[in-house]
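Pasted below: input-v4.json, JSON, C-alpha atoms and all ligand atoms.
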[["chain", "number", "residue", "atom", "x", "y", "z"],
["A", 204, "MET", "CA", 11.00, 22.25, 30.82],
["A", 205, "THR", "CA", 9.41, 19.42, 28.92],
["A", 206, "THR", "CA", 11.01, 17.66, 26.04],
["A", 207, "THR", "CA", 8.99, 15.72, 23.55],
["A", 208, "LEU", "CA", 10.50, 12.72, 21.93],
["A", 209, "GLN", "CA", 9.58, 12.74, 18.25],
["A", 210, "THR", "CA", 9.69, 9.26, 16.86],
["A", 211, "HIS", "CA", 9.35, 9.44, 13.13],
["A", 212, "GLN", "CA", 6.82, 7.04, 11.70],
["A", 213, "ALA", "CA", 6.11, 6.36, 8.04],
["A", 214, "VAL", "CA", 2.35, 6.28, 8.60],
["A", 215, "GLU", "CA", 0.31, 7.11, 11.69],
["A", 216, "LEU", "CA", -3.41, 6.76, 12.26],
["A", 217, "TRP", "CA", -4.72, 8.50, 15.33],
["A", 218, "SER", "CA", -8.26, 7.55, 16.39],
["A", 219, "VAL", "CA", -9.44, 7.33, 12.81],
["A", 220, "THR", "CA", -13.16, 6.97, 12.19],
["A", 221, "ARG", "CA", -14.64, 6.75, 8.69],
["A", 222, "ARG", "CA", -18.39, 6.80, 8.25],
["A", 223, "TYR", "CA", -20.18, 6.52, 4.93],
["A", 224, "GLY", "CA", -23.71, 7.81, 4.39],
["A", 225, "GLU", "CA", -26.08, 9.60, 6.70],
["A", 226, "GLY", "CA", -28.73, 8.78, 9.31],
["A", 227, "GLU", "CA", -30.17, 5.28, 9.45],
["A", 228, "ARG", "CA", -28.16, 4.13, 6.46],
["A", 229, "ALA", "CA", -24.82, 5.31, 7.84],
["A", 230, "VAL", "CA", -22.06, 2.69, 7.92],
["A", 231, "THR", "CA", -19.05, 3.06, 10.20],
["A", 232, "ALA", "CA", -16.31, 1.41, 8.13],
["A", 233, "LEU", "CA", -13.57, 2.30, 10.65],
["A", 234, "HIS", "CA", -14.19, 3.02, 14.29],
["A", 235, "ASP", "CA", -11.51, 4.79, 16.35],
["A", 236, "VAL", "CA", -8.56, 3.01, 14.77],
["A", 237, "SER", "CA", -5.03, 3.91, 15.86],
["A", 238, "ALA", "CA", -1.98, 2.31, 14.26],
["A", 239, "ARG", "CA", 1.61, 3.12, 13.49],
["A", 240, "PHE", "CA", 3.76, 1.87, 10.62],
["A", 241, "ALA", "CA", 7.49, 2.24, 11.23],
["A", 242, "PRO", "CA", 9.94, 3.17, 8.48],
["A", 243, "ALA", "CA", 11.26, 0.11, 6.64],
["A", 244, "SER", "CA", 8.51, -2.15, 7.96],
["A", 245, "PHE", "CA", 6.26, -4.54, 6.05],
["A", 246, "THR", "CA", 2.73, -4.88, 7.41],
["A", 247, "ALA", "CA", -0.06, -7.08, 6.11],
["A", 248, "VAL", "CA", -3.65, -6.05, 6.84],
["A", 249, "MET", "CA", -6.14, -8.91, 7.00],
["A", 250, "GLY", "CA", -9.74, -9.37, 8.06],
["A", 251, "PRO", "CA", -13.09, -10.70, 6.89],
["A", 252, "SER", "CA", -14.82, -9.09, 3.92],
["A", 253, "GLY", "CA", -16.34, -5.76, 4.98],
["A", 254, "SER", "CA", -14.08, -5.42, 8.03],
["A", 255, "GLY", "CA", -12.64, -2.10, 6.76],
["A", 256, "LYS", "CA", -9.35, -3.12, 5.12],
["A", 257, "SER", "CA", -9.79, -1.08, 1.93],
["A", 258, "THR", "CA", -11.08, 1.89, 3.90],
["A", 259, "LEU", "CA", -8.03, 1.75, 6.16],
["A", 260, "LEU", "CA", -5.69, 1.60, 3.17],
["A", 261, "HIS", "CA", -7.47, 4.43, 1.36],
["A", 262, "CYS", "CA", -7.54, 6.67, 4.44],
["A", 263, "ALA", "CA", -3.87, 5.94, 5.23],
["A", 264, "ALA", "CA", -2.88, 6.73, 1.63],
["A", 265, "GLY", "CA", -4.83, 9.97, 1.42],
["A", 266, "LEU", "CA", -7.21, 8.57, -1.21],
["A", 267, "ASP", "CA", -10.13, 8.95, 1.17],
["A", 268, "ARG", "CA", -10.86, 11.52, 3.89],
["A", 269, "VAL", "CA", -11.41, 10.52, 7.51],
["A", 270, "THR", "CA", -14.60, 11.50, 9.33],
["A", 271, "ALA", "CA", -12.68, 11.97, 12.59],
["A", 272, "GLY", "CA", -9.10, 11.50, 13.74],
["A", 273, "ARG", "CA", -5.82, 12.15, 12.01],
["A", 274, "VAL", "CA", -3.58, 10.52, 9.44],
["A", 275, "LEU", "CA", 0.11, 11.37, 9.09],
["A", 276, "VAL", "CA", 2.20, 10.16, 6.14],
["A", 277, "ASP", "CA", 5.96, 10.60, 6.36],
["A", 278, "GLY", "CA", 5.34, 13.10, 9.17],
["A", 279, "VAL", "CA", 2.80, 15.20, 7.24],
["A", 280, "ASP", "CA", -0.70, 15.58, 8.67],
["A", 281, "LEU", "CA", -3.15, 14.92, 5.80],
["A", 282, "THR", "CA", -6.23, 16.19, 7.62],
["A", 283, "PRO", "CA", -5.93, 19.90, 6.82],
["A", 284, "LEU", "CA", -4.55, 19.50, 3.29],
["A", 285, "SER", "CA", -6.44, 20.78, 0.26],
["A", 286, "GLU", "CA", -7.18, 18.30, -2.55],
["A", 287, "ARG", "CA", -4.34, 19.79, -4.56],
["A", 288, "ALA", "CA", -1.83, 19.46, -1.71],
["A", 289, "LEU", "CA", -3.04, 15.92, -1.03],
["A", 290, "THR", "CA", -2.56, 14.97, -4.69],
["A", 291, "ARG", "CA", 0.96, 16.35, -4.60],
["A", 292, "LEU", "CA", 1.78, 14.49, -1.40],
["A", 293, "ARG", "CA", 0.51, 11.24, -2.92],
["A", 294, "ARG", "CA", 2.62, 11.77, -6.03],
["A", 295, "GLU", "CA", 5.77, 12.52, -4.06],
["A", 296, "ARG", "CA", 5.65, 10.26, -1.03],
["A", 297, "VAL", "CA", 3.31, 7.39, -1.78],
["A", 298, "GLY", "CA", 3.25, 4.52, -4.27],
["A", 299, "PHE", "CA", 0.31, 2.25, -5.08],
["A", 300, "VAL", "CA", 0.02, -1.30, -6.32],
["A", 301, "PHE", "CA", -3.43, -2.71, -7.13],
["A", 302, "GLN", "CA", -4.81, -6.19, -7.66],
["A", 303, "ALA", "CA", -5.68, -5.41, -11.29],
["A", 304, "PHE", "CA", -2.28, -3.80, -12.08],
["A", 305, "ASN", "CA", -3.97, -0.65, -13.52],
["A", 306, "LEU", "CA", -1.37, -0.11, -16.23],
["A", 307, "VAL", "CA", -2.15, 2.09, -19.24],
["A", 308, "PRO", "CA", -2.66, -0.46, -22.08],
["A", 309, "ALA", "CA", -1.49, 1.84, -24.90],
["A", 310, "LEU", "CA", 1.84, 2.65, -23.22],
["A", 311, "THR", "CA", 4.95, 0.47, -23.14],
["A", 312, "ALA", "CA", 6.34, -0.82, -19.85],
["A", 313, "GLU", "CA", 8.89, 1.97, -19.71],
["A", 314, "GLN", "CA", 6.29, 4.64, -20.54],
["A", 315, "ASN", "CA", 4.05, 3.27, -17.78],
["A", 316, "VAL", "CA", 6.93, 3.43, -15.30],
["A", 317, "GLU", "CA", 7.79, 6.98, -16.35],
["A", 318, "LEU", "CA", 4.21, 8.20, -15.99],
["A", 319, "PRO", "CA", 4.30, 9.20, -12.28],
["A", 320, "LEU", "CA", 7.37, 11.35, -12.94],
["A", 321, "ARG", "CA", 5.65, 13.07, -15.87],
["A", 322, "LEU", "CA", 2.50, 13.65, -13.82],
["A", 323, "ALA", "CA", 4.66, 15.27, -11.16],
["A", 324, "GLY", "CA", 6.18, 17.52, -13.85],
["A", 325, "ARG", "CA", 9.55, 15.82, -13.52],
["A", 326, "ARG", "CA", 11.78, 14.22, -16.11],
["A", 327, "ALA", "CA", 13.37, 10.85, -15.67],
["A", 328, "ALA", "CA", 17.14, 11.01, -15.27],
["A", 329, "PRO", "CA", 18.94, 9.16, -18.08],
["A", 330, "GLY", "CA", 18.72, 5.44, -17.40],
["A", 331, "GLN", "CA", 16.44, 5.90, -14.38],
["A", 332, "VAL", "CA", 13.42, 4.09, -15.81],
["A", 333, "ARG", "CA", 15.54, 1.27, -17.22],
["A", 334, "ALA", "CA", 17.25, 0.87, -13.84],
["A", 335, "VAL", "CA", 13.92, 0.47, -12.05],
["A", 336, "LEU", "CA", 12.73, -1.99, -14.68],
["A", 337, "ALA", "CA", 15.99, -3.93, -14.23],
["A", 338, "GLU", "CA", 15.37, -4.00, -10.50],
["A", 339, "VAL", "CA", 12.08, -5.82, -11.07],
["A", 340, "GLY", "CA", 13.77, -8.14, -13.59],
["A", 341, "LEU", "CA", 12.17, -6.66, -16.71],
["A", 342, "ALA", "CA", 15.03, -4.84, -18.43],
["A", 343, "ASP", "CA", 14.34, -6.83, -21.58],
["A", 344, "ARG", "CA", 10.61, -6.00, -21.62],
["A", 345, "ALA", "CA", 10.86, -2.19, -21.62],
["A", 346, "ARG", "CA", 9.24, -1.82, -25.07],
["A", 347, "HIS", "CA", 6.42, -4.30, -24.46],
["A", 348, "ARG", "CA", 2.86, -3.16, -23.86],
["A", 349, "PRO", "CA", 0.89, -4.63, -20.94],
["A", 350, "GLY", "CA", -1.09, -6.90, -23.31],
["A", 351, "GLU", "CA", 2.19, -8.56, -24.34],
["A", 352, "LEU", "CA", 3.16, -9.38, -20.76],
["A", 353, "SER", "CA", 2.03, -12.06, -18.31],
["A", 354, "GLY", "CA", 0.05, -11.08, -15.22],
["A", 355, "GLY", "CA", 3.12, -11.45, -13.03],
["A", 356, "GLN", "CA", 5.19, -9.29, -15.39],
["A", 357, "GLN", "CA", 2.46, -6.64, -15.48],
["A", 358, "GLN", "CA", 2.43, -6.50, -11.70],
["A", 359, "ARG", "CA", 6.21, -6.13, -11.70],
["A", 360, "VAL", "CA", 5.84, -3.16, -14.09],
["A", 361, "ALA", "CA", 3.25, -1.74, -11.66],
["A", 362, "ILE", "CA", 5.75, -2.14, -8.81],
["A", 363, "ALA", "CA", 8.44, -0.40, -10.86],
["A", 364, "ARG", "CA", 5.95, 2.41, -11.55],
["A", 365, "ALA", "CA", 5.23, 2.69, -7.82],
["A", 366, "LEU", "CA", 8.94, 2.77, -6.94],
["A", 367, "VAL", "CA", 10.20, 5.21, -9.57],
["A", 368, "THR", "CA", 9.42, 8.28, -7.45],
["A", 369, "ALA", "CA", 11.20, 6.67, -4.44],
["A", 370, "PRO", "CA", 8.12, 7.00, -2.20],
["A", 371, "ALA", "CA", 8.36, 6.67, 1.57],
["A", 372, "VAL", "CA", 5.38, 4.32, 1.63],
["A", 373, "LEU", "CA", 4.08, 1.69, -0.74],
["A", 374, "PHE", "CA", 0.41, 0.76, -0.37],
["A", 375, "ALA", "CA", -0.60, -2.52, -1.98],
["A", 376, "ASP", "CA", -4.22, -3.66, -2.27],
["A", 377, "GLU", "CA", -4.35, -7.44, -2.84],
["A", 378, "PRO", "CA", -1.25, -7.25, -5.06],
["A", 379, "THR", "CA", -1.13, -11.03, -5.52],
["A", 380, "GLY", "CA", -4.90, -11.53, -5.80],
["A", 381, "ALA", "CA", -4.81, -12.14, -9.56],
["A", 382, "LEU", "CA", -1.54, -14.10, -9.72],
["A", 383, "ASP", "CA", -0.46, -17.72, -9.53],
["A", 384, "THR", "CA", 1.83, -18.97, -6.77],
["A", 385, "ALA", "CA", 5.14, -18.40, -8.58],
["A", 386, "ALA", "CA", 4.24, -14.88, -9.75],
["A", 387, "SER", "CA", 2.91, -14.04, -6.27],
["A", 388, "ARG", "CA", 6.16, -15.11, -4.66],
["A", 389, "GLU", "CA", 8.12, -12.88, -7.04],
["A", 390, "VAL", "CA", 5.88, -9.87, -6.29],
["A", 391, "LEU", "CA", 6.25, -10.43, -2.53],
["A", 392, "ARG", "CA", 10.01, -10.74, -2.92],
["A", 393, "LEU", "CA", 10.06, -7.34, -4.67],
["A", 394, "LEU", "CA", 7.96, -5.75, -1.92],
["A", 395, "ARG", "CA", 10.36, -7.20, 0.63],
["A", 396, "ALA", "CA", 13.30, -5.81, -1.37],
["A", 397, "ALA", "CA", 11.76, -2.32, -1.26],
["A", 398, "VAL", "CA", 11.86, -2.59, 2.53],
["A", 399, "GLU", "CA", 15.33, -4.10, 2.82],
["A", 400, "ARG", "CA", 17.18, -2.20, 0.09],
["A", 401, "HIS", "CA", 15.47, 1.15, 0.07],
["A", 402, "ALA", "CA", 14.06, 1.34, 3.63],
["A", 403, "GLN", "CA", 10.59, 1.87, 2.20],
["A", 404, "THR", "CA", 7.49, 1.03, 4.19],
["A", 405, "VAL", "CA", 4.99, -1.44, 2.78],
["A", 406, "VAL", "CA", 1.35, -1.68, 3.86],
["A", 407, "MET", "CA", -0.41, -4.54, 2.07],
["A", 408, "VAL", "CA", -4.03, -5.63, 2.24],
["A", 409, "THR", "CA", -4.40, -9.33, 1.54],
["A", 410, "HIS", "CA", -6.69, -12.22, 2.31],
["A", 411, "ASP", "CA", -3.96, -14.75, 1.55],
["A", 412, "PRO", "CA", -2.11, -16.09, 4.62],
["A", 413, "LEU", "CA", 0.78, -17.16, 2.37],
["A", 414, "ALA", "CA", 1.21, -13.55, 1.20],
["A", 415, "ALA", "CA", 0.82, -12.17, 4.73],
["A", 416, "ALA", "CA", 3.56, -14.53, 5.93],
["A", 417, "HIS", "CA", 6.08, -12.36, 4.04],
["A", 418, "ALA", "CA", 5.29, -9.39, 6.31],
["A", 419, "ASP", "CA", 6.94, -8.46, 9.63],
["A", 420, "ARG", "CA", 3.57, -7.88, 11.21],
["A", 421, "VAL", "CA", -0.05, -8.76, 10.52],
["A", 422, "LEU", "CA", -2.89, -6.49, 11.62],
["A", 423, "PHE", "CA", -6.29, -8.15, 11.79],
["A", 424, "LEU", "CA", -9.39, -6.03, 11.36],
["A", 425, "ALA", "CA", -12.91, -6.99, 12.40],
["A", 426, "ASP", "CA", -15.97, -4.74, 12.27],
["A", 427, "GLY", "CA", -13.92, -1.64, 11.53],
["A", 428, "ALA", "CA", -11.49, -2.04, 14.44],
["A", 429, "ILE", "CA", -8.12, -3.70, 15.00],
["A", 430, "ALA", "CA", -8.97, -7.01, 16.58],
["A", 431, "ASP", "CA", -5.59, -8.70, 16.72],
["A", 432, "GLU", "CA", -1.96, -8.30, 15.79],
["A", 433, "LEU", "CA", 0.80, -10.77, 15.04],
["A", 434, "ARG", "CA", 4.43, -9.69, 15.08],
["A", 435, "GLU", "CA", 7.03, -11.72, 13.20],
["A", 436, "PRO", "CA", 4.47, -14.30, 12.03],
["A", 437, "ALA", "CA", 5.79, -17.84, 12.15],
["A", 438, "GLY", "CA", 4.12, -18.79, 8.87],
["A", 439, "ALA", "CA", 0.93, -19.05, 6.86],
["A", 440, "GLU", "CA", -0.59, -21.68, 9.15],
["A", 441, "GLN", "CA", -0.33, -19.48, 12.22],
["A", 442, "ILE", "CA", -1.88, -16.57, 10.29],
["A", 443, "ALA", "CA", -4.70, -18.75, 8.92],
["A", 444, "ALA", "CA", -5.46, -19.97, 12.46],
["A", 445, "ARG", "CA", -5.74, -16.38, 13.72],
["A", 446, "MET", "CA", -8.03, -15.51, 10.80],
["A", 447, "ALA", "CA", -10.24, -18.51, 11.55],
["A", 448, "ARG", "CA", -10.48, -17.40, 15.17],
["A", 449, "LEU", "CA", -11.58, -13.93, 14.03],
["A", 450, "GLU", "CA", -14.20, -15.28, 11.66],
["A", 451, "THR", "CA", -15.83, -17.45, 14.32],
["A", 452, "ARG", "CA", -15.96, -14.68, 16.92],
["B", 1, "LIG", "P1", -12.99, -4.70, 3.29],
["B", 1, "LIG", "O1", -11.96, -4.05, 2.45],
["B", 1, "LIG", "O2", -12.45, -5.30, 4.55],
["B", 1, "LIG", "O3", -13.83, -5.69, 2.55],
["B", 1, "LIG", "P2", -14.27, -2.09, 3.21],
["B", 1, "LIG", "O4", -13.30, -1.14, 3.79],
["B", 1, "LIG", "O5", -14.39, -2.17, 1.72],
["B", 1, "LIG", "O6", -13.99, -3.56, 3.80],
["B", 1, "LIG", "O7", -15.72, -1.78, 3.77],
["B", 1, "LIG", "C1", -16.02, -1.64, 5.16],
["B", 1, "LIG", "C2", -17.49, -1.28, 5.32],
["B", 1, "LIG", "O8", -17.73, 0.02, 4.77],
["B", 1, "LIG", "C3", -18.42, -2.22, 4.57],
["B", 1, "LIG", "O9", -19.60, -2.37, 5.34],
["B", 1, "LIG", "C4", -18.72, -1.48, 3.29],
["B", 1, "LIG", "O10", -19.96, -1.85, 2.77],
["B", 1, "LIG", "C5", -18.70, -0.03, 3.74],
["B", 1, "LIG", "N1", -18.26, 0.88, 2.68],
["B", 1, "LIG", "C6", -17.03, 0.92, 2.10],
["B", 1, "LIG", "N2", -16.95, 1.89, 1.18],
["B", 1, "LIG", "C7", -18.17, 2.49, 1.15],
["B", 1, "LIG", "C8", -18.75, 3.58, 0.41],
["B", 1, "LIG", "N3", -18.03, 4.26, -0.49],
["B", 1, "LIG", "N4", -20.04, 3.90, 0.66],
["B", 1, "LIG", "C9", -20.75, 3.23, 1.58],
["B", 1, "LIG", "N5", -20.28, 2.22, 2.32],
["B", 1, "LIG", "C10", -19.01, 1.84, 2.11]]
Once more with this new file: its structure as structure tokens, please.
Ligand code: ADP
Amino acid sequence: MTTTLQTHQAVELWSVTRRYGEGERAVTALHDVSARFAPASFTAVMGPSGSGKSTLLHCAAGLDRVTAGRVLVDGVDLTPLSERALTRLRRERVGFVFQAFNLVPALTAEQNVELPLRLAGRRAAPGQVRAVLAEVGLADRARHRPGELSGGQQQRVAIARALVTAPAVLFADEPTGALDTAASREVLRLLRAAVERHAQTVVMVTHDPLAAAHADRVLFLADGAIADELREPAGAEQIAARMARLETR
């Protein structure tokens, strides 16, 4: 008798290939990429422009379909899912944070945070939205609209919005790209808190070695493949040196 050991991973990519376009103009954005993201881990994804970082994030989050291979999120294989099932899975198990915050300008901070629950046909429990806003340090800004908040505060609202459904995985695409150093540090601290306090898994694309230094692991992409990996990075300088090595390959 054979026994299979099932190790639960938050996100798994098995030999993922993503090609765009056809024939001579086809571009292979990811080529046979396999990676695993453990529960309660914080991974930064780095690499030169065009190396496939966004494609990896989008495929791992079920925002984009793979050409070949498989993606599992929280143990669910995305490959055979219909669009409707994929949308539901994203709403229930995945949170997103973008460089440009992507808040709804006409809604207050608390309405923005409540939105994913409404879209999922759920109601916020009393105090739930305020509690999440308090967690990101914005209890006193609940009634403000995005235009009345600083960039750093807007990104904190976006993090609260991503966390309100208690997703297994948080995908962040250059979350500090539009922020100054102090606001970036606060955002990274909140992503770290999601890992430590709520055992959520964070996958963050960044080109900033300082941001990547907050992660437990850095994956380096080059030409659509994983070219290098750094576990427990010692700091931004070590990460920058690895990036430089990649870029001069
Ligand atoms: P990165 O995020 O590292 O800059 P991307 O994942 O955006 O890289 O892109 C990887 C490669 O795939 C690039 O050559 C890019 O031009 C190509 N690519 C990405 N998205 C598309 C698309 N929708 N259509 C055609 N080519 C694309």
From A:Ala361, A:Ala232, A:Met446, A:Val335, residue lying nearest Pro412 (chain A) [only C-alpha atoms]:
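Ranking A:Ala361, A:Ala232, A:Met446, A:Val335 by distance to Pro412 (chain A), first place goes to A:Met446.
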Name the residues within 12 Å of (16.2, 1.9, 2.2), counting only C-alpha atoms in the file's coordinates, and put them as a PDB file with C-alpha atoms, in the frame of the given file.
ATOM      1  CA  PRO A 242       9.940   3.170   8.480  1.00  0.00           C
ATOM      2  CA  ALA A 243      11.260   0.110   6.640  1.00  0.00           C
ATOM      3  CA  SER A 244       8.510  -2.150   7.960  1.00  0.00           C
ATOM      4  CA  LEU A 366       8.940   2.770  -6.940  1.00  0.00           C
ATOM      5  CA  ALA A 369      11.200   6.670  -4.440  1.00  0.00           C
ATOM      6  CA  PRO A 370       8.120   7.000  -2.200  1.00  0.00           C
ATOM      7  CA  ALA A 371       8.360   6.670   1.570  1.00  0.00           C
ATOM      8  CA  VAL A 372       5.380   4.320   1.630  1.00  0.00           C
ATOM      9  CA  LEU A 394       7.960  -5.750  -1.920  1.00  0.00           C
ATOM     10  CA  ARG A 395      10.360  -7.200   0.630  1.00  0.00           C
ATOM     11  CA  ALA A 396      13.300  -5.810  -1.370  1.00  0.00           C
ATOM     12  CA  ALA A 397      11.760  -2.320  -1.260  1.00  0.00           C
ATOM     13  CA  VAL A 398      11.860  -2.590   2.530  1.00  0.00           C
ATOM     14  CA  GLU A 399      15.330  -4.100   2.820  1.00  0.00           C
ATOM     15  CA  ARG A 400      17.180  -2.200   0.090  1.00  0.00           C
ATOM     16  CA  HIS A 401      15.470   1.150   0.070  1.00  0.00           C
ATOM     17  CA  ALA A 402      14.060   1.340   3.630  1.00  0.00           C
ATOM     18  CA  GLN A 403      10.590   1.870   2.200  1.00  0.00           C
ATOM     19  CA  THR A 404       7.490   1.030   4.190  1.00  0.00           C
ATOM     20  CA  VAL A 405       4.990  -1.440   2.780  1.00  0.00           C
TER      21      VAL A 405
END
Could you jot down the CA of Ser257 (chain A) to atom O3 of ligand LIG 1 (chain B) separation for me, Å, one decimal place?
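So the answer is 6.2 Å.
In terms of minimum interatomic distance to Ala425 (chain A), A:Met249 ranks closest within A:Met249, A:Leu322, A:Ala303, A:Val390, counting only C-alpha atoms.
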Using all atoms listed in the file, find each residue with an atom at most 8 Å away from ligand LIG 1 (chain B) and format the answer as a ChimeraX atom specification.
/A:222-224,229-233,249-259,424,426-427
For a cut-off of 9 Å around (-1.8, 12.9, -9.8), file coordinates, pick out all residues using only C-alpha atoms and list them as a PyMOL selection string.
chain A and resi 290-291+293-294+319+322-323
Near-Arg348 (chain A) list (8 Å; only C-alpha atoms; drop same-chain fewer than 4 positions) as an NGL selection string
:A and (308-312 or 352)
Output region 301-309 of chain A as a tab-separated table (two decimals), in the coordinates of the input, making sure all heavy atoms are there.
chain	number	residue	atom	x	y	z
A	301	PHE	N	-2.05	-2.21	-7.21
A	301	PHE	CA	-3.43	-2.71	-7.13
A	301	PHE	C	-3.51	-4.15	-7.60
A	301	PHE	O	-2.66	-4.62	-8.36
A	301	PHE	CB	-4.35	-1.85	-8.00
A	301	PHE	CG	-4.31	-0.39	-7.67
A	301	PHE	CD1	-3.47	0.47	-8.37
A	301	PHE	CD2	-5.11	0.12	-6.66
A	301	PHE	CE1	-3.43	1.83	-8.06
A	301	PHE	CE2	-5.08	1.48	-6.36
A	301	PHE	CZ	-4.24	2.34	-7.05
A	302	GLN	N	-4.60	-4.80	-7.23
A	302	GLN	CA	-4.81	-6.19	-7.66
A	302	GLN	C	-4.83	-6.30	-9.19
A	302	GLN	O	-4.28	-7.24	-9.76
A	302	GLN	CB	-6.14	-6.69	-7.08
A	302	GLN	CG	-6.47	-8.10	-7.52
A	302	GLN	CD	-7.66	-8.67	-6.76
A	302	GLN	OE1	-8.27	-8.01	-5.93
A	302	GLN	NE2	-7.98	-9.92	-7.04
A	303	ALA	N	-5.48	-5.33	-9.84
A	303	ALA	CA	-5.68	-5.41	-11.29
A	303	ALA	C	-4.61	-4.67	-12.08
A	303	ALA	O	-4.83	-4.32	-13.24
A	303	ALA	CB	-7.07	-4.88	-11.64
A	304	PHE	N	-3.47	-4.42	-11.46
A	304	PHE	CA	-2.28	-3.80	-12.08
A	304	PHE	C	-2.49	-2.33	-12.47
A	304	PHE	O	-1.63	-1.49	-12.22
A	304	PHE	CB	-1.77	-4.59	-13.30
A	304	PHE	CG	-1.88	-6.08	-13.19
A	304	PHE	CD1	-2.37	-6.85	-14.25
A	304	PHE	CD2	-1.51	-6.74	-12.03
A	304	PHE	CE1	-2.48	-8.24	-14.14
A	304	PHE	CE2	-1.61	-8.13	-11.91
A	304	PHE	CZ	-2.10	-8.87	-12.97
A	305	ASN	N	-3.65	-2.04	-13.13
A	305	ASN	CA	-3.97	-0.65	-13.52
A	305	ASN	C	-2.88	0.02	-14.36
A	305	ASN	O	-2.58	1.19	-14.15
A	305	ASN	CB	-4.28	0.21	-12.29
A	305	ASN	CG	-5.51	-0.25	-11.54
A	305	ASN	OD1	-6.01	-1.34	-11.81
A	305	ASN	ND2	-6.00	0.55	-10.64
A	306	LEU	N	-2.32	-0.72	-15.30
A	306	LEU	CA	-1.37	-0.11	-16.23
A	306	LEU	C	-2.15	0.53	-17.38
A	306	LEU	O	-3.28	0.15	-17.64
A	306	LEU	CB	-0.41	-1.17	-16.78
A	306	LEU	CG	0.46	-1.88	-15.74
A	306	LEU	CD1	1.26	-3.01	-16.40
A	306	LEU	CD2	1.40	-0.90	-15.06
A	307	VAL	N	-1.52	1.48	-18.06
A	307	VAL	CA	-2.15	2.09	-19.24
A	307	VAL	C	-1.84	1.18	-20.44
A	307	VAL	O	-0.68	1.03	-20.81
A	307	VAL	CB	-1.62	3.51	-19.49
A	307	VAL	CG1	-2.31	4.13	-20.70
A	307	VAL	CG2	-1.82	4.38	-18.24
A	308	PRO	N	-2.89	0.56	-21.05
A	308	PRO	CA	-2.66	-0.46	-22.08
A	308	PRO	C	-1.91	0.05	-23.30
A	308	PRO	O	-1.16	-0.70	-23.92
A	308	PRO	CB	-4.07	-0.90	-22.48
A	308	PRO	CG	-5.00	-0.32	-21.50
A	308	PRO	CD	-4.32	0.78	-20.76
A	309	ALA	N	-2.10	1.31	-23.67
A	309	ALA	CA	-1.49	1.84	-24.90
A	309	ALA	C	-0.02	2.21	-24.72
A	309	ALA	O	0.68	2.48	-25.69
A	309	ALA	CB	-2.28	3.05	-25.38
